[in-house]
file data.cif (mmCIF, C-alpha atoms)
data_entry
loop_
_atom_site.label_atom_id
_atom_site.label_comp_id
_atom_site.auth_asym_id
_atom_site.auth_seq_id
_atom_site.Cartn_x
_atom_site.Cartn_y
_atom_site.Cartn_z
CA MET A 1079 19.41 -2.12 -18.59
CA LYS A 1080 23.12 -2.26 -17.78
CA VAL A 1081 23.73 -3.22 -14.15
CA ALA A 1082 27.10 -2.81 -12.43
CA LEU A 1083 27.62 -5.20 -9.51
CA VAL A 1084 30.22 -3.84 -7.10
CA ASN A 1085 31.81 -5.65 -4.15
CA SER A 1086 34.79 -5.21 -1.86
CA ARG A 1087 37.50 -7.88 -1.62
CA GLN A 1088 37.48 -7.56 2.17
CA ASP A 1089 33.71 -8.00 2.43
CA LYS A 1090 32.95 -11.72 2.86
CA ALA A 1091 29.24 -11.33 2.19
CA GLY A 1092 29.86 -9.39 -1.00
CA VAL A 1093 32.34 -12.00 -2.23
CA ASN A 1094 29.82 -14.73 -1.36
CA ILE A 1095 27.02 -13.06 -3.32
CA ARG A 1096 29.24 -12.30 -6.31
CA LEU A 1097 30.49 -15.89 -6.47
CA HIS A 1098 26.94 -17.22 -6.70
CA ILE A 1099 25.87 -14.63 -9.28
CA GLU A 1100 28.87 -15.61 -11.44
CA GLN A 1101 27.99 -19.29 -11.08
CA LEU A 1102 24.36 -18.67 -12.06
CA LEU A 1103 25.34 -16.60 -15.07
CA ALA A 1104 27.95 -19.15 -16.18
CA SER A 1105 25.46 -22.01 -15.92
CA ASP A 1106 22.92 -20.21 -18.05
CA PRO A 1107 23.73 -20.84 -21.74
CA ASP A 1108 20.15 -20.03 -22.79
CA GLY A 1109 20.29 -16.54 -21.34
CA ARG A 1110 17.66 -17.04 -18.64
CA TRP A 1111 19.19 -14.32 -16.49
CA GLN A 1112 18.97 -11.85 -19.36
CA ALA A 1113 15.23 -12.48 -19.60
CA GLN A 1114 14.55 -9.29 -17.63
CA GLY A 1115 16.41 -7.26 -20.25
CA ARG A 1116 19.46 -6.69 -18.06
CA THR A 1117 23.17 -7.20 -18.62
CA TYR A 1118 25.72 -7.37 -15.81
CA GLU A 1119 29.24 -6.09 -15.29
CA PHE A 1120 31.31 -6.89 -12.19
CA SER A 1121 33.59 -4.46 -10.39
CA GLU A 1122 35.68 -5.15 -7.29
CA VAL A 1123 37.40 -2.65 -4.99
CA GLU A 1124 39.91 -2.98 -2.17
CA GLU A 1125 38.43 -0.54 0.34
CA ARG A 1126 35.19 -0.86 2.28
CA LEU A 1127 32.20 0.02 0.15
CA ILE A 1128 31.03 2.76 2.52
CA HIS A 1129 34.16 4.70 1.53
CA ALA A 1130 33.99 3.92 -2.21
CA GLY A 1131 32.96 7.37 -3.38
CA ASP A 1132 33.10 7.96 -7.14
CA VAL A 1133 33.47 4.20 -7.65
CA ASP A 1134 31.04 4.40 -10.57
CA GLU A 1135 32.52 7.50 -12.22
CA HIS A 1136 33.94 5.50 -15.14
CA ILE A 1137 31.38 2.66 -15.14
CA ASP A 1138 29.02 2.45 -18.12
CA ALA A 1139 25.80 1.41 -16.37
CA ASP A 1140 22.22 2.43 -15.71
CA LEU A 1141 22.21 1.05 -12.17
CA VAL A 1142 24.80 0.16 -9.53
CA ILE A 1143 24.11 -2.61 -7.00
CA PHE A 1144 26.54 -2.92 -4.11
CA LEU A 1145 26.94 -6.49 -2.83
CA SER A 1146 27.72 -6.25 0.84
CA ARG A 1147 27.46 -7.37 4.43
CA HIS A 1148 25.18 -5.98 7.11
CA SER A 1149 26.35 -5.64 10.73
CA SER A 1150 24.19 -4.97 13.77
CA VAL A 1151 24.60 -4.53 17.51
CA ASN A 1152 21.65 -6.93 17.82
CA PRO A 1153 22.61 -9.51 15.18
CA VAL A 1154 19.85 -11.42 13.44
CA PRO A 1155 19.89 -13.36 10.13
CA VAL A 1156 18.56 -10.83 7.64
CA LEU A 1157 18.69 -9.89 3.95
CA THR A 1158 18.35 -6.16 3.34
CA VAL A 1159 18.29 -3.42 0.72
CA HIS A 1160 18.82 0.31 1.12
CA VAL A 1161 20.12 3.42 -0.61
CA THR A 1162 23.05 5.39 0.79
CA GLY A 1163 23.39 8.84 2.30
CA ASN A 1164 23.69 10.85 5.50
CA PHE A 1165 20.98 13.08 6.94
CA GLY A 1166 23.46 14.48 9.46
CA VAL A 1167 27.09 13.73 10.26
CA ALA A 1168 29.01 11.19 8.18
CA ASP A 1169 30.07 8.64 10.81
CA LEU A 1170 29.99 5.74 8.32
CA GLY A 1171 31.46 7.08 5.12
CA GLY A 1172 30.38 9.62 2.57
CA THR A 1173 29.72 13.31 3.15
CA ALA A 1174 27.56 14.88 5.84
CA ARG A 1175 24.02 15.92 4.82
CA THR A 1176 24.39 14.31 1.40
CA LEU A 1177 22.16 11.71 -0.29
CA ALA A 1178 23.05 9.43 -3.18
CA PRO A 1179 20.70 8.87 -6.16
CA ALA A 1180 18.20 6.10 -5.39
CA ALA A 1181 16.52 3.46 -7.53
CA PRO A 1182 13.18 2.89 -5.73
CA ALA A 1183 11.54 0.62 -8.32
CA MET A 1184 14.50 -1.72 -8.70
CA MET A 1185 15.16 -1.71 -4.97
CA GLN A 1186 11.54 -2.73 -4.36
CA ALA A 1187 11.79 -5.42 -7.04
CA THR A 1188 14.90 -6.81 -5.31
CA LEU A 1189 13.23 -6.67 -1.89
CA ARG A 1190 10.25 -8.63 -3.22
CA SER A 1191 12.61 -11.10 -4.86
CA LEU A 1192 14.53 -11.50 -1.60
CA ALA A 1193 11.24 -12.36 0.11
CA LYS A 1194 10.60 -14.99 -2.57
CA HIS A 1195 14.05 -16.60 -2.23
CA CYS A 1196 14.59 -15.98 1.50
CA PRO A 1197 16.12 -19.04 3.24
CA GLU A 1198 14.54 -20.46 6.39
CA GLY A 1199 15.65 -18.56 9.48
CA TYR A 1200 16.24 -15.27 7.65
CA ARG A 1201 13.96 -12.28 7.21
CA VAL A 1202 14.00 -9.50 4.62
CA SER A 1203 13.83 -5.78 5.15
CA TYR A 1204 14.58 -2.30 3.96
CA GLU A 1205 17.14 -0.38 6.00
CA VAL A 1206 16.90 3.35 6.54
CA THR A 1207 19.40 5.64 4.84
CA HIS A 1208 22.43 5.65 7.14
CA HIS A 1209 25.90 5.40 5.52
CA GLY A 1210 28.12 6.16 2.52
CA PRO A 1211 29.19 6.28 -0.15
CA THR A 1212 27.43 9.46 -1.18
CA ALA A 1213 29.54 10.64 -4.16
CA LEU A 1214 27.81 8.43 -6.72
CA HIS A 1215 26.87 9.23 -10.30
CA HIS A 1216 24.24 6.52 -10.96
CA PRO A 1217 21.14 5.36 -9.13
CA SER A 1218 22.26 2.67 -6.73
CA PHE A 1219 21.47 0.58 -3.68
CA PHE A 1220 23.05 -1.96 -1.35
CA VAL A 1221 21.85 -5.56 -1.09
CA GLU A 1222 23.22 -7.19 2.03
CA ILE A 1223 23.51 -10.36 4.11
CA GLY A 1224 23.45 -9.89 7.88
CA SER A 1225 24.38 -9.84 10.54
CA THR A 1226 27.48 -11.93 11.53
CA GLU A 1227 30.27 -13.80 9.78
CA LYS A 1228 28.19 -16.99 10.01
CA GLU A 1229 25.55 -15.44 7.73
CA TRP A 1230 28.04 -13.50 5.55
CA THR A 1231 29.72 -16.76 4.50
CA ASP A 1232 26.53 -18.87 4.38
CA PRO A 1233 26.36 -20.33 0.84
CA VAL A 1234 22.58 -20.71 1.13
CA ALA A 1235 22.20 -17.00 1.84
CA GLY A 1236 24.69 -16.11 -0.91
CA ARG A 1237 22.75 -18.18 -3.43
CA ALA A 1238 19.43 -16.72 -2.31
CA VAL A 1239 20.62 -13.13 -2.71
CA ALA A 1240 22.21 -13.94 -6.09
CA GLU A 1241 18.94 -15.42 -7.37
CA ALA A 1242 17.00 -12.49 -5.93
CA VAL A 1243 19.17 -9.95 -7.77
CA LEU A 1244 18.86 -11.78 -11.07
CA ASP A 1245 15.17 -12.62 -10.66
CA ALA A 1246 13.98 -9.14 -9.60
CA VAL A 1247 10.93 -8.10 -11.64
CA LEU A 1248 9.87 -4.49 -11.90
CA ILE A 1249 6.24 -3.61 -11.28
CA ASN A 1250 4.39 -0.36 -11.94
CA ALA A 1251 5.95 1.13 -8.83
CA VAL A 1252 5.00 4.39 -7.12
CA PRO A 1253 8.28 5.96 -5.91
CA LEU A 1254 8.10 7.29 -2.34
CA ILE A 1255 10.17 8.75 0.45
CA GLY A 1256 9.62 7.42 3.96
CA PHE A 1257 9.66 8.91 7.43
CA GLY A 1258 9.66 7.19 10.79
CA GLY A 1259 10.31 3.76 12.20
CA THR A 1260 13.36 1.83 13.33
CA HIS A 1261 16.53 0.91 11.46
CA TYR A 1262 14.74 -1.93 9.63
CA ALA A 1263 11.84 0.28 8.45
CA VAL A 1264 9.18 -2.31 9.26
CA ARG A 1265 6.14 -0.43 7.96
CA GLN A 1266 7.88 0.66 4.76
CA THR A 1267 8.97 -2.93 4.17
CA GLU A 1268 5.40 -4.21 4.55
CA ILE A 1269 4.11 -1.54 2.18
CA ALA A 1270 6.68 -2.38 -0.50
CA LEU A 1271 5.92 -6.11 -0.22
CA SER A 1272 2.14 -5.69 -0.40
CA SER A 1273 1.55 -2.69 -2.67
CA ARG A 1274 3.11 -0.62 -5.45
CA GLY A 1275 4.76 1.70 -2.93
CA ALA A 1276 8.53 1.68 -3.60
CA PHE A 1277 10.80 3.61 -1.25
CA GLY A 1278 13.97 5.48 -2.01
CA HIS A 1279 15.37 7.39 0.98
CA ILE A 1280 13.89 6.54 4.39
CA ALA A 1281 14.58 8.59 7.53
CA HIS A 1282 14.76 6.89 10.94
CA SER A 1283 12.48 8.40 13.63
CA ARG A 1284 15.49 9.87 15.44
CA GLU A 1285 16.58 11.78 12.30
CA ILE A 1286 13.31 13.54 11.59
CA ALA A 1287 13.48 16.34 14.16
CA GLY A 1288 16.72 17.45 12.48
CA LEU A 1289 15.36 17.51 8.93
CA ASP A 1290 14.62 20.80 7.21
CA ALA A 1291 12.69 21.54 4.03
CA ALA A 1292 15.88 21.55 1.94
CA MET A 1293 16.81 18.02 3.06
CA ILE A 1294 13.27 16.72 2.48
CA ARG A 1295 13.34 18.20 -1.03
CA ARG A 1296 16.69 16.48 -1.57
CA MET A 1297 15.18 13.17 -0.43
CA GLN A 1298 12.41 13.62 -2.97
CA GLU A 1299 14.71 14.61 -5.81
CA GLN A 1300 17.26 11.85 -5.23
CA SER A 1301 14.45 9.27 -4.97
CA GLY A 1302 12.36 10.57 -7.87
CA ALA A 1303 9.49 10.39 -5.38
CA VAL A 1304 5.96 11.52 -6.17
CA ALA A 1305 4.72 11.27 -2.58
CA ALA A 1306 5.70 10.59 1.01
CA TYR A 1307 4.69 8.04 3.63
CA ILE A 1308 4.85 8.80 7.35
CA ASP A 1309 4.82 6.08 10.02
CA ARG A 1310 2.68 8.19 12.34
CA LYS A 1311 2.85 5.81 15.28
CA ALA A 1312 6.64 6.11 15.29
CA LEU A 1313 6.64 9.90 15.76
CA ASP A 1314 5.74 12.29 18.55
CA ARG A 1315 2.85 14.60 17.78
CA ASP A 1316 5.00 17.74 17.59
CA VAL A 1317 7.50 16.06 15.23
CA PHE A 1318 4.67 14.74 13.07
CA ASP A 1319 3.01 18.15 12.86
CA SER A 1320 6.30 19.85 11.91
CA LEU A 1321 7.07 17.24 9.25
CA SER A 1322 3.54 17.44 7.83
CA GLY A 1323 3.85 21.20 7.61
CA MET A 1324 7.09 20.98 5.64
CA LEU A 1325 5.61 18.39 3.25
CA ASP A 1326 2.61 20.68 2.68
CA GLN A 1327 4.94 23.64 2.09
CA LEU A 1328 6.87 21.58 -0.48
CA LEU A 1329 3.62 20.35 -2.09
CA ILE A 1330 4.63 16.72 -1.53
CA PRO A 1331 1.47 14.58 -1.13
CA ARG A 1332 1.21 12.15 1.78
CA LEU A 1333 -0.18 8.67 1.23
CA SER A 1334 -1.42 6.28 3.90
CA GLU A 1335 -1.03 2.51 3.79
CA SER A 1336 -4.70 2.09 2.91
CA GLU A 1337 -4.38 4.57 0.04
CA LEU A 1338 -1.33 2.77 -1.32
CA SER A 1339 -3.13 -0.56 -1.07
CA ALA A 1340 -6.23 0.86 -2.75
CA MET A 1341 -4.38 2.48 -5.64
CA GLY A 1342 -4.76 -0.61 -7.79
CA HIS A 1343 -3.29 -0.45 -11.29
CA LEU A 1344 -3.78 3.27 -11.91
CA SER A 1345 -0.89 5.45 -12.98
CA TRP A 1346 0.19 8.13 -10.53
CA ASP A 1347 -1.20 10.93 -12.73
CA THR A 1348 -4.60 9.26 -13.01
CA TYR A 1349 -4.64 8.54 -9.29
CA GLN A 1350 -3.87 12.19 -8.59
CA SER A 1351 -6.85 13.15 -10.74
CA VAL A 1352 -9.03 10.73 -8.78
CA ARG A 1353 -7.87 12.24 -5.49
CA ALA A 1354 -8.57 15.78 -6.72
CA MET A 1355 -12.10 14.83 -7.81
CA ALA A 1356 -12.73 13.08 -4.49
CA GLU A 1357 -11.52 16.11 -2.55
CA GLY A 1358 -14.05 18.20 -4.43
CA VAL A 1359 -16.84 15.90 -3.26
CA SER A 1360 -15.82 15.73 0.40
CA PRO A 1361 -12.67 17.20 1.96
CA GLY A 1362 -10.41 14.37 3.06
CA ALA A 1363 -12.49 11.81 1.15
CA ARG A 1364 -11.06 8.31 0.89
CA CYS A 1365 -10.77 6.62 -2.50
CA TYR A 1366 -11.27 2.87 -3.04
CA ILE A 1367 -10.31 1.76 -6.52
CA HIS A 1368 -11.96 -1.28 -8.06
CA ASP A 1369 -11.49 -2.61 -11.61
CA MET A 1370 -9.80 0.48 -13.09
CA ARG A 1371 -6.63 -0.41 -14.98
CA LYS A 1372 -5.90 2.31 -17.52
CA ASP A 1373 -5.56 6.03 -18.06
CA GLY A 1374 -8.51 7.89 -19.55
CA ILE A 1375 -10.92 10.78 -19.18
CA LEU A 1376 -12.59 10.52 -15.79
CA SER A 1377 -16.16 11.34 -14.88
CA LEU A 1378 -17.81 11.92 -11.50
CA ILE A 1379 -21.23 10.31 -11.25
CA ARG A 1380 -23.80 10.32 -8.48
CA ALA A 1381 -25.97 7.32 -7.80
CA ASN A 1382 -29.38 7.49 -6.12
CA PRO A 1383 -28.43 8.56 -2.55
CA VAL A 1384 -31.39 6.78 -0.94
CA LEU A 1385 -30.70 3.57 -2.85
CA ILE A 1386 -27.01 3.64 -1.86
CA ALA A 1387 -27.88 4.40 1.78
CA GLU A 1388 -30.36 1.52 2.00
CA THR A 1389 -27.92 -0.86 0.30
CA THR A 1390 -25.11 -0.03 2.70
CA LYS A 1391 -27.49 -0.52 5.62
CA SER A 1392 -28.39 -3.95 4.27
CA ASP A 1393 -24.96 -5.22 3.24
CA GLU A 1394 -22.11 -2.73 2.80
CA PRO A 1395 -19.38 -5.42 2.59
CA GLY A 1396 -21.39 -7.21 -0.09
CA LEU A 1397 -21.75 -4.02 -2.12
CA ILE A 1398 -18.03 -3.28 -1.90
CA LYS A 1399 -17.21 -6.82 -3.02
CA ASP A 1400 -19.59 -6.57 -5.97
CA LEU A 1401 -17.99 -3.28 -7.04
CA ASP A 1402 -14.73 -5.15 -7.74
CA VAL A 1403 -16.04 -6.15 -11.18
CA LEU A 1404 -16.80 -2.55 -12.19
CA PRO A 1405 -14.39 0.17 -13.44
CA VAL A 1406 -15.23 2.52 -10.58
CA VAL A 1407 -13.77 4.30 -7.58
CA HIS A 1408 -16.09 4.43 -4.62
CA LEU A 1409 -15.68 7.24 -2.11
CA SER A 1410 -16.19 7.57 1.60
CA THR A 1411 -15.89 10.48 3.99
CA ARG A 1412 -12.83 11.01 6.16
CA ASP A 1413 -14.59 9.00 8.91
CA ASN A 1414 -15.41 6.23 6.40
CA ARG A 1415 -19.10 6.84 5.66
CA PHE A 1416 -19.98 5.47 2.24
CA LEU A 1417 -20.84 8.21 -0.28
CA PRO A 1418 -23.21 7.94 -3.28
CA ASP A 1419 -20.55 9.50 -5.51
CA PHE A 1420 -18.40 7.37 -7.83
CA ILE A 1421 -15.58 8.05 -10.29
CA THR A 1422 -15.34 6.12 -13.53
CA TYR A 1423 -14.18 6.56 -17.10
CA ASP A 1424 -16.30 9.05 -19.02
CA GLU A 1425 -17.05 6.45 -21.69
CA HIS A 1426 -18.66 4.15 -19.10
CA SER A 1427 -20.58 6.69 -17.00
CA SER A 1428 -24.11 5.92 -18.27
CA GLN A 1429 -23.63 2.18 -18.05
CA ILE A 1430 -22.14 2.40 -14.56
CA ILE A 1431 -25.29 4.11 -13.23
CA ASN A 1432 -27.34 1.18 -14.54
CA ASP A 1433 -24.85 -1.33 -13.13
CA LEU A 1434 -24.92 0.32 -9.70
CA ASN A 1435 -28.72 0.30 -9.68
CA THR A 1436 -28.70 -3.39 -10.60
CA LEU A 1437 -26.23 -4.31 -7.85
CA CYS A 1438 -28.09 -2.33 -5.20
CA VAL A 1439 -31.53 -3.68 -6.09
CA LYS A 1440 -30.19 -7.23 -6.07
CA ILE A 1441 -28.62 -6.81 -2.63
CA ILE A 1442 -31.71 -5.17 -1.12
CA ARG A 1443 -34.04 -7.83 -2.51
CA ASN A 1444 -31.83 -10.56 -1.06
CA LYS A 1445 -31.64 -8.93 2.36
CA GLU A 1446 -34.94 -7.12 2.88
CA ILE A 1447 -38.69 -7.47 2.45
CA THR A 1448 -39.45 -5.67 -0.80
CA ALA A 1449 -42.22 -4.98 -3.26
CA THR A 1450 -42.20 -3.33 -6.68
CA GLU A 1451 -44.74 -0.88 -8.02
CA ARG A 1452 -43.81 0.34 -11.49
CA ASP A 1453 -40.57 2.32 -11.00
CA HIS A 1454 -40.75 2.22 -7.22
CA LEU A 1455 -38.89 -0.21 -4.97
CA ILE A 1456 -40.64 -0.39 -1.61
CA ILE A 1457 -38.62 -1.70 1.33
CA THR A 1458 -40.52 -2.83 4.41
CA LYS A 1459 -38.57 -3.10 7.65
CA VAL A 1460 -39.84 -4.67 10.82
CA ARG A 1461 -38.05 -4.01 14.09
CA PHE A 1462 -38.64 -4.89 17.71
CA ASP A 1463 -40.15 -2.03 19.74
CA PRO A 1464 -39.35 -2.12 23.49
CA LYS A 1465 -42.17 0.36 24.20
CA LYS A 1466 -44.80 -1.95 22.68
CA ALA A 1467 -43.25 -4.86 24.55
CA ARG A 1468 -43.64 -3.06 27.89
CA GLU A 1469 -47.25 -2.19 27.04
CA GLN A 1470 -47.86 -5.93 26.58
CA GLY A 1471 -46.42 -6.63 30.02
CA VAL A 1472 -43.07 -7.99 28.80
CA THR A 1473 -40.18 -7.17 31.10
CA PRO A 1474 -36.67 -6.52 29.74
CA GLY A 1475 -34.40 -9.53 29.59
CA PRO A 1476 -34.40 -12.86 27.77
CA ALA A 1477 -37.99 -12.33 26.60
CA TYR A 1478 -36.92 -9.23 24.65
CA LYS A 1479 -34.23 -11.26 22.94
CA GLN A 1480 -36.65 -14.01 21.92
CA LEU A 1481 -39.21 -11.58 20.52
CA ALA A 1482 -36.52 -9.61 18.66
CA ALA A 1483 -35.37 -12.91 17.14
CA GLY A 1484 -38.90 -13.55 15.81
CA ARG A 1485 -40.04 -16.08 18.42
CA SER A 1486 -43.34 -15.88 20.35
CA ILE A 1487 -43.40 -16.04 24.15
CA GLU A 1488 -46.08 -16.76 26.77
CA ILE A 1489 -46.85 -14.52 29.77
CA ASN A 1490 -49.50 -15.57 32.31
CA GLY A 1491 -51.21 -17.74 29.72
CA ARG A 1492 -51.11 -15.04 27.03
CA VAL A 1493 -49.15 -15.58 23.81
CA ILE A 1494 -47.17 -12.54 22.76
CA THR A 1495 -46.16 -12.69 19.11
CA PRO A 1496 -43.34 -10.69 17.48
CA ALA A 1497 -45.93 -8.80 15.40
CA MET A 1498 -47.53 -7.49 18.60
CA VAL A 1499 -44.30 -5.79 19.69
CA SER A 1500 -42.92 -4.62 16.35
CA LEU A 1501 -42.88 -1.45 14.32
CA CYS A 1502 -43.09 -1.47 10.54
CA SER A 1503 -41.61 1.19 8.29
CA GLU A 1504 -41.53 1.60 4.55
CA THR A 1505 -38.97 3.27 2.30
CA ASP A 1506 -40.08 4.11 -1.22
CA ILE A 1507 -37.23 4.53 -3.72
CA HIS A 1508 -37.98 5.81 -7.21
CA ILE A 1509 -35.68 4.07 -9.73
CA PRO A 1510 -36.42 4.94 -13.37
CA GLY A 1511 -36.46 1.79 -15.47
CA LEU A 1512 -36.69 -0.49 -12.43
CA GLU A 1513 -38.22 -3.26 -14.54
CA LYS A 1514 -34.81 -3.67 -16.22
CA PHE A 1515 -33.28 -4.72 -12.90
CA SER A 1516 -35.79 -7.46 -12.12
#

call {"tool": "encode", "arguments": {"input": "data.cif", "output": "structure tokens"}}
result
Amino acid sequence: MKVALVNSRQDKAGVNIRLHIEQLLASDPDGRWQAQGRTYEFSEVEERLIHAGDVDEHIDADLVIFLSRHSSVNPVPVLTVHVTGNFGVADLGGTARTLAPAAPAMMQATLRSLAKHCPEGYRVSYEVTHHGPTALHHPSFFVEIGSTEKEWTDPVAGRAVAEAVLDAVLINAVPLIGFGGTHYAVRQTEIALSSRGAFGHIAHSREIAGLDAAMIRRMQEQSGAVAAYIDRKALDRDVFDSLSGMLDQLLIPRLSESELSAMGHLSWDTYQSVRAMAEGVSPGARCYIHDMRKDGILSLIRANPVLIAETTKSDEPGLIKDLDVLPVVHLSTRDNRFLPDFITYDEHSSQIINDLNTLCVKIIRNKEITATERDHLIITKVRFDPKKAREQGVTPGPAYKQLAAGRSIEINGRVITPAMVSLCSETDIHIPGLEKFS
């Protein structure tokens, strides 16, 4: 990858960052900084970068990174990344209602690298799309030091940003567009640092009411985005509903933070297939991906519903943890009720049924009173019955708590045992081949 690094002579932060990148490259005879398969070319301009339209017209590069300063009315030490453009008027360079091409994956890689190299006292963040230049021919983004001259000229910050740019490592990113939040896009930043979600253009909450379908489509196209994320808490209900309607009209999927976190290592196409299968099981179903790491033919399997229900009653967190070693997706309803339906690779479907049976039987036997009769697992449950307790003359209060905890009590010289105030129930689950799970 050929990377063009562009700074302005009048921008002290940009000069600071460039100086440290040049020093790192010059002190690297073994080519460490080329280890990521990137080569670098420097370019310097006189004017402010926000007005440097067409600066890359004659640059031979795959990516342009602008080295710059960040200013704020509420200055804090911060290292930021963002793509350029204007959703409305062009108060800070560029052209109104125009967005530059973004580089979500590399911007996320740089953000993560900034977090790794961030000096004490600084924080890292995305910024929303908010200034020029817009007339750019290559994917690009700004990397900045903020927010006052003290930070712009700080050699520690300059070195940190230089190392972050050179150290940035691409992951299997999922390119997104973002909606809602403040200038520093807090939720989008957290998502990019903790998941594969990589943002291109991000619209501030105040911009969203003015967006139309054409601008949202432009955000998607210029970001190469496959989906959108909405910071729901940052938007009024009417604005959220209008935005959701436009995304639906444009057939742009919406992903929540939990979905992005749960996506695991799956490619976007495979994840889309998983979502479609889950929707067929239960509208709005949630997908939780475990040890699935490749593309392949998917299969929907259904485990024994009674066995799954009893296992989740006994120890749902334990079951979910144990699923992490299996190539499965477990599903839950929109309101998070565990479903007996699982998605796996077609080649593993028969084995997964056996593995699920094994896990469930193990959990139930560890947590419940059980017996086995041929292919039947019999679960016996004993629970405290307030009605029986009253019939024995036990009044509600501490005595109920002791009996429910399995301790006997004494009333007027009579010993009341837990068995005297309990109900027993049995659940019989037929599991073909149960002897294999013993």

call {"tool": "resolve_selection", "arguments": {"input": "data.cif", "expression": "the PyMOL selection byres ((chain A and resi 1226) around 9)", "output": "number ranges by chain"}}
result
A: 1147-1150, 1153-1155, 1223-1225, 1227-1231

call {"tool": "resolve_selection", "arguments": {"input": "data.cif", "expression": "the PyMOL selection byres ((chain A and resi 1351) around 12)", "output": "list in words"}}
result
Leu1344, Ser1345, Trp1346, Asp1347, Thr1348, Tyr1349, Gln1350, Val1352, Arg1353, Ala1354, Met1355, Ala1356, Glu1357, Gly1358, Cys1365, Asp1373, Gly1374, Ile1375, Leu1376, Ser1377, Leu1378, Val1407, Ile1421, Thr1422 and Tyr1423 of chain A

call {"tool": "resolve_selection", "arguments": {"input": "data.cif", "expression": "the PyMOL selection byres ((chain A and resi 1472) around 12)", "output": "PyMOL selection string"}}
result
chain A and resi 1463-1471+1473-1481+1486-1490+1492-1496+1498-1499

call {"tool": "closest_residue", "arguments": {"input": "data.cif", "among": "A:Ser1273, A:Thr1173, A:Ser1500, A:Ser1283", "to": "Ala1187 of chain A", "atoms": "only C-alpha atoms"}}
result
A:Ser1273

call {"tool": "residues_around", "arguments": {"input": "data.cif", "residues": "Val1133 of chain A", "least_positions_apart": "3", "cutoff": "10 Å", "atoms": "only C-alpha atoms", "output": "mmCIF file with C-alpha atoms, keeping the file's coordinate frame"}}
result
data_model
loop_
_atom_site.group_PDB
_atom_site.id
_atom_site.type_symbol
_atom_site.label_atom_id
_atom_site.label_comp_id
_atom_site.auth_asym_id
_atom_site.auth_seq_id
_atom_site.Cartn_x
_atom_site.Cartn_y
_atom_site.Cartn_z
ATOM 1 C CA VAL A 1084 30.220 -3.840 -7.100
ATOM 2 C CA SER A 1121 33.590 -4.460 -10.390
ATOM 3 C CA GLU A 1122 35.680 -5.150 -7.290
ATOM 4 C CA VAL A 1123 37.400 -2.650 -4.990
ATOM 5 C CA LEU A 1127 32.200 0.020 0.150
ATOM 6 C CA HIS A 1129 34.160 4.700 1.530
ATOM 7 C CA ALA A 1130 33.990 3.920 -2.210
ATOM 8 C CA HIS A 1136 33.940 5.500 -15.140
ATOM 9 C CA ILE A 1137 31.380 2.660 -15.140
ATOM 10 C CA VAL A 1142 24.800 0.160 -9.530
ATOM 11 C CA PRO A 1211 29.190 6.280 -0.150
ATOM 12 C CA ALA A 1213 29.540 10.640 -4.160
ATOM 13 C CA LEU A 1214 27.810 8.430 -6.720
ATOM 14 C CA HIS A 1215 26.870 9.230 -10.300
#

call {"tool": "residues_around", "arguments": {"input": "data.cif", "residues": "Ala1363 of chain A", "least_positions_apart": "4", "cutoff": "8 Å", "atoms": "all atoms listed in the file", "output": "VMD selection string"}}
result
chain A and resid 1356 to 1357 1359 1409 to 1412

call {"tool": "write_last_selection", "arguments": {"input": "data.cif", "atoms": "C-alpha atoms", "output": "compact mmCIF listing (two decimals), keeping the file's coordinate frame"}}
result
# COMPACT_ATOMS: atom_id res chain seq x y z
CA ALA A 1356 -12.73 13.08 -4.49
CA GLU A 1357 -11.52 16.11 -2.55
CA VAL A 1359 -16.84 15.90 -3.26
CA LEU A 1409 -15.68 7.24 -2.11
CA SER A 1410 -16.19 7.57 1.60
CA THR A 1411 -15.89 10.48 3.99
CA ARG A 1412 -12.83 11.01 6.16

call {"tool": "residues_around", "arguments": {"input": "data.cif", "residues": "Gly1256 of chain A", "least_positions_apart": "6", "cutoff": "7 Å", "atoms": "all atoms listed in the file", "output": "CSV table (one decimal) with C-alpha atoms, in the frame of the given file"}}
result
chain,number,residue,atom,x,y,z
A,1277,PHE,CA,10.8,3.6,-1.2
A,1279,HIS,CA,15.4,7.4,1.0
A,1280,ILE,CA,13.9,6.5,4.4
A,1281,ALA,CA,14.6,8.6,7.5
A,1306,ALA,CA,5.7,10.6,1.0
A,1307,TYR,CA,4.7,8.0,3.6
A,1308,ILE,CA,4.8,8.8,7.4

call {"tool": "residues_near_point", "arguments": {"input": "data.cif", "point": "(-32.0, -1.5, -6.3)", "cutoff": "10 Å", "atoms": "only C-alpha atoms", "output": "short mmCIF file (atom, residue, chain, number, x, y, z; two decimals) with C-alpha atoms, in the coordinates of the input"}}
result
data_model
loop_
_atom_site.label_atom_id
_atom_site.label_comp_id
_atom_site.auth_asym_id
_atom_site.auth_seq_id
_atom_site.Cartn_x
_atom_site.Cartn_y
_atom_site.Cartn_z
CA ASN A 1382 -29.38 7.49 -6.12
CA VAL A 1384 -31.39 6.78 -0.94
CA LEU A 1385 -30.70 3.57 -2.85
CA ILE A 1386 -27.01 3.64 -1.86
CA GLU A 1388 -30.36 1.52 2.00
CA THR A 1389 -27.92 -0.86 0.30
CA ASN A 1432 -27.34 1.18 -14.54
CA ASP A 1433 -24.85 -1.33 -13.13
CA LEU A 1434 -24.92 0.32 -9.70
CA ASN A 1435 -28.72 0.30 -9.68
CA THR A 1436 -28.70 -3.39 -10.60
CA LEU A 1437 -26.23 -4.31 -7.85
CA CYS A 1438 -28.09 -2.33 -5.20
CA VAL A 1439 -31.53 -3.68 -6.09
CA LYS A 1440 -30.19 -7.23 -6.07
CA ILE A 1441 -28.62 -6.81 -2.63
CA ILE A 1442 -31.71 -5.17 -1.12
CA ARG A 1443 -34.04 -7.83 -2.51
CA HIS A 1454 -40.75 2.22 -7.22
CA LEU A 1455 -38.89 -0.21 -4.97
CA ILE A 1456 -40.64 -0.39 -1.61
CA ILE A 1507 -37.23 4.53 -3.72
CA HIS A 1508 -37.98 5.81 -7.21
CA ILE A 1509 -35.68 4.07 -9.73
CA LEU A 1512 -36.69 -0.49 -12.43
CA PHE A 1515 -33.28 -4.72 -12.90
CA SER A 1516 -35.79 -7.46 -12.12
#
